[in-house]
Amino acid sequence: MAAIYRHYEESETESGRAHLGASVIGRECRRQLWYGFRWATAPSFPGRVLRLFKRGHDEEDFFIKDLVAIGVQVWAVDSDGDQFGCTFHGGHFAGSCDGVAKGLPESPNTPHLLEFKTHNHKSFAQLEKHGVEKSKPEHFAQMQVYMHGLELKRAMYMAVCKDTDQLYTERFKYDQDVALGLIQKAKDIIATDTPPARISSKAEFFKCKFCDHADVCHRDALPQVSCRSCAHAFADVNGGWKCCFHNIDILTVEQRTGCKKHLYLPALVPHEMVDMDAENNCILYRTSDGVEFYNGEKGDKSYTSQELHAAPAGLLGDPTADKLRATFNGEFAKKDD
């Protein structure tokens with residue numbers, strides 16, 4: 001069992017989606033979406049969960065076979081062999097649907113977007129009781145965005161209970177106001193360099209407690225270092241990421257680690273910003289204890305973003321730690337670095 005789980009963990013290559021996904025745009029917390037788009041926290045899932053994701057993906061083939069068996073035409077990919085998808089805002093907001101169908105018994109002449117989902121027993125019971133829009137607003141939002149992007153007027157939601165194999169289906173009409181509102185919501189998240197408001201000021205709030213970004217949002221942890229957490233970089237809504245310091249376009253693979261010129265977006269640093277020195281590429285901060293330090297490469301009491309991410313908060317500006325760094329030309333680093 002351990003070897004199987006380890007296989008899934010070692011095979012996992014996803015290190016942060018390059019775009020804001022239509023599958024999550026329906027989430028209530030815009031701050032969570034912003035953190036995800038900015039790669040604030042590296043995603044990490046145990047092998048059991050990764051296997052569960054794979055099992056859910058494999059269920060799509062069963063849905064398609066069931067539809068074909070009752071005489072429905074299904075297109076799982078387009079003419080180029082790719083999933084049907086749509087992109088907005090220069091590719092920064094995008095998603096891929098599970099297919100398109102024609103010949104459904106309820107409306108045989110109308111093409112329908114297809115969306116397939118798996119549920120546990122509790123979730124499935126809520127789905128049957130309240131329907132998709134109320135019980136799974138993320139799924140409802142996802143379909144509205146896809147219908148807008150693919151110019152479809154109808155969608156079919158198909159779900160299965162993993163405990164009983166019970167099926168659930170529900171058809172939807174395209175709602176232009178909802179779709180355009182979600183697309184604008186995505187643009188607002190992509191275009192800002194300031195985290196949106198929290199949905200709760202309390203880390204114990206149940207929607208915050210299990211959020212991947214809870215440490216960054218509520219516990220003053222710094223996000224991981226990447227171009228997306230850097231004050232010099234921004235997402236161009238016409239396409240791509242730009243670096244103002246180097247005056248270049250930044251490829252996705254380059255964005256993941258950033259460079260030594262990285263400066264944290266001030267809104268991501270849980271200390272008071274005192275001054276910004278653009279000429280020397282550094283920002284001066286003051287802790288709640290009155291200790292001042294620089295994020296940059298200025299000299300004494302100056303830390304690169306990589307060091308700030310690695311350093312225990314109590315050692316910033318500590319005379320002994322700084323003396324050791326200076327004497328041995330050292331720097332703070334994560335234990336596994």
# chains A, B, ... in the order shown; residues from 1 in each chain; ligands from 1

call {"tool": "closest_atom_pairs", "arguments": {"of": "segment 129-179 of chain A", "to": "segment 78-97 of chain A", "cutoff": "10 Å", "atoms": "only C-alpha atoms", "output": "JSON lines"}}
result
{"residue": "A:Gln142", "atom": "CA", "partner": "A:Gly95", "partner_atom": "CA", "distance": 8.3}
{"residue": "A:Met143", "atom": "CA", "partner": "A:Cys97", "partner_atom": "CA", "distance": 8.1}
{"residue": "A:Val145", "atom": "CA", "partner": "A:Cys86", "partner_atom": "CA", "distance": 8.4}
{"residue": "A:Tyr146", "atom": "CA", "partner": "A:Cys86", "partner_atom": "CA", "distance": 6.7}
{"residue": "A:Met147", "atom": "CA", "partner": "A:Cys86", "partner_atom": "CA", "distance": 9.3}
{"residue": "A:His148", "atom": "CA", "partner": "A:Cys86", "partner_atom": "CA", "distance": 8.7}
{"residue": "A:Gly149", "atom": "CA", "partner": "A:Cys86", "partner_atom": "CA", "distance": 5.2}
{"residue": "A:Leu150", "atom": "CA", "partner": "A:Cys86", "partner_atom": "CA", "distance": 6.7}

call {"tool": "residues_around", "arguments": {"residues": "segment 205-220 of chain A", "least_positions_apart": "4", "cutoff": "12 Å", "atoms": "only C-alpha atoms", "output": "PyMOL selection string"}}
result
chain A and resi 27-29+31-45+195-201+224+229+267-271+287+309+312-313

call {"tool": "atom_distance", "arguments": {"atom1": "atom CA of Ala333 of chain A", "atom2": "atom CA of His19 of chain A"}}
result
29.0 Å

call {"tool": "closest_residue", "arguments": {"among": "A:Phe62, A:Ala18, A:Gln73, A:Gly296", "to": "Trp241 of chain A", "atoms": "only C-alpha atoms"}}
result
A:Ala18

call {"tool": "residues_around", "arguments": {"residues": "Ser226 of chain A", "least_positions_apart": "3", "cutoff": "7 Å", "atoms": "only C-alpha atoms", "output": "list in words"}}
result
Ser229, Cys230, Gln255, Arg256, Thr257 and Gly258 of chain A

call {"tool": "residues_around", "arguments": {"residues": "segment 165-168 of chain A", "least_positions_apart": "4", "cutoff": "9 Å", "atoms": "only C-alpha atoms", "output": "NGL selection string"}}
result
:A and (124 or 127-128 or 157-161)

call {"tool": "write_last_selection", "arguments": {"atoms": "N, CA and C atoms", "output": "compact mmCIF listing (two decimals), in the first residue's frame"}}
result
# COMPACT_ATOMS: atom_id res chain seq x y z
N PHE A 124 -23.45 13.49 -2.30
CA PHE A 124 -24.46 13.07 -3.27
C PHE A 124 -25.87 13.30 -2.73
N LEU A 127 -26.66 16.84 -3.14
CA LEU A 127 -26.90 17.10 -4.56
C LEU A 127 -28.33 16.72 -4.94
N GLU A 128 -28.77 15.56 -4.50
CA GLU A 128 -30.14 15.12 -4.81
C GLU A 128 -31.18 16.02 -4.15
N TYR A 157 -25.20 18.03 -16.48
CA TYR A 157 -24.36 17.66 -15.35
C TYR A 157 -24.66 16.21 -15.01
N MET A 158 -23.62 15.39 -14.95
CA MET A 158 -23.80 13.98 -14.62
C MET A 158 -22.89 13.64 -13.45
N ALA A 159 -23.47 13.01 -12.43
CA ALA A 159 -22.72 12.68 -11.22
C ALA A 159 -22.98 11.24 -10.83
N VAL A 160 -22.01 10.67 -10.11
CA VAL A 160 -22.15 9.31 -9.60
C VAL A 160 -21.76 9.30 -8.13
N CYS A 161 -22.51 8.54 -7.33
CA CYS A 161 -22.16 8.33 -5.93
C CYS A 161 -21.15 7.19 -5.87

call {"tool": "atom_distance", "arguments": {"atom1": "atom CA of Ser135 of chain A", "atom2": "atom CA of His119 of chain A"}}
result
11.6 Å

call {"tool": "closest_residue", "arguments": {"among": "A:Lys136, A:Arg286, A:Arg171, A:Arg30", "to": "Pro105 of chain A", "atoms": "only C-alpha atoms"}}
result
A:Arg171

call {"tool": "residues_around", "arguments": {"residues": "Asn295 of chain A", "least_positions_apart": "4", "cutoff": "6 Å", "atoms": "only C-alpha atoms", "output": "PyMOL selection string"}}
result
chain A and resi 282-283+302-304

call {"tool": "write_last_selection", "arguments": {"atoms": "N, CA and C atoms", "output": "mmCIF file, in the first residue's frame"}}
result
data_model
loop_
_atom_site.group_PDB
_atom_site.id
_atom_site.type_symbol
_atom_site.label_atom_id
_atom_site.label_comp_id
_atom_site.auth_asym_id
_atom_site.auth_seq_id
_atom_site.Cartn_x
_atom_site.Cartn_y
_atom_site.Cartn_z
ATOM 1 N N CYS A 282 15.472 47.470 -3.047
ATOM 2 C CA CYS A 282 15.216 46.926 -1.722
ATOM 3 C C CYS A 282 14.044 47.677 -1.081
ATOM 4 N N ILE A 283 13.431 47.022 -0.106
ATOM 5 C CA ILE A 283 12.307 47.591 0.633
ATOM 6 C C ILE A 283 12.610 47.446 2.116
ATOM 7 N N SER A 302 19.936 42.980 5.593
ATOM 8 C CA SER A 302 19.234 42.849 4.312
ATOM 9 C C SER A 302 19.143 41.382 3.949
ATOM 10 N N TYR A 303 17.973 40.983 3.519
ATOM 11 C CA TYR A 303 17.735 39.570 3.236
ATOM 12 C C TYR A 303 17.078 39.428 1.869
ATOM 13 N N THR A 304 17.574 38.491 1.083
ATOM 14 C CA THR A 304 16.877 38.181 -0.162
ATOM 15 C C THR A 304 15.529 37.561 0.186
#

call {"tool": "select_by_dssp", "arguments": {"residues": "segment 60-248 of chain A", "states": "alpha helix (DSSP H)", "output": "PyMOL selection string"}}
result
chain A and resi 60-69+121-130+132-135+137-150+176-191+206-209+214-218

call {"tool": "closest_residue", "arguments": {"among": "A:Gly26, A:Asp318, A:Glu9, A:Phe116", "to": "Lys134 of chain A", "atoms": "only C-alpha atoms"}}
result
A:Gly26

call {"tool": "select_by_dssp", "arguments": {"residues": "segment 70-298 of chain A", "states": "strand (DSSP E)", "output": "ChimeraX atom specification"}}
result
/A:73-75,85-88,93-96,99-102,112-119,154-161,167-173,233-235,241-243,248-250,272-277,282-286,292-295

call {"tool": "atom_distance", "arguments": {"atom1": "atom CA of Trp75 of chain A", "atom2": "atom CA of Lys102 of chain A"}}
result
8.8 Å
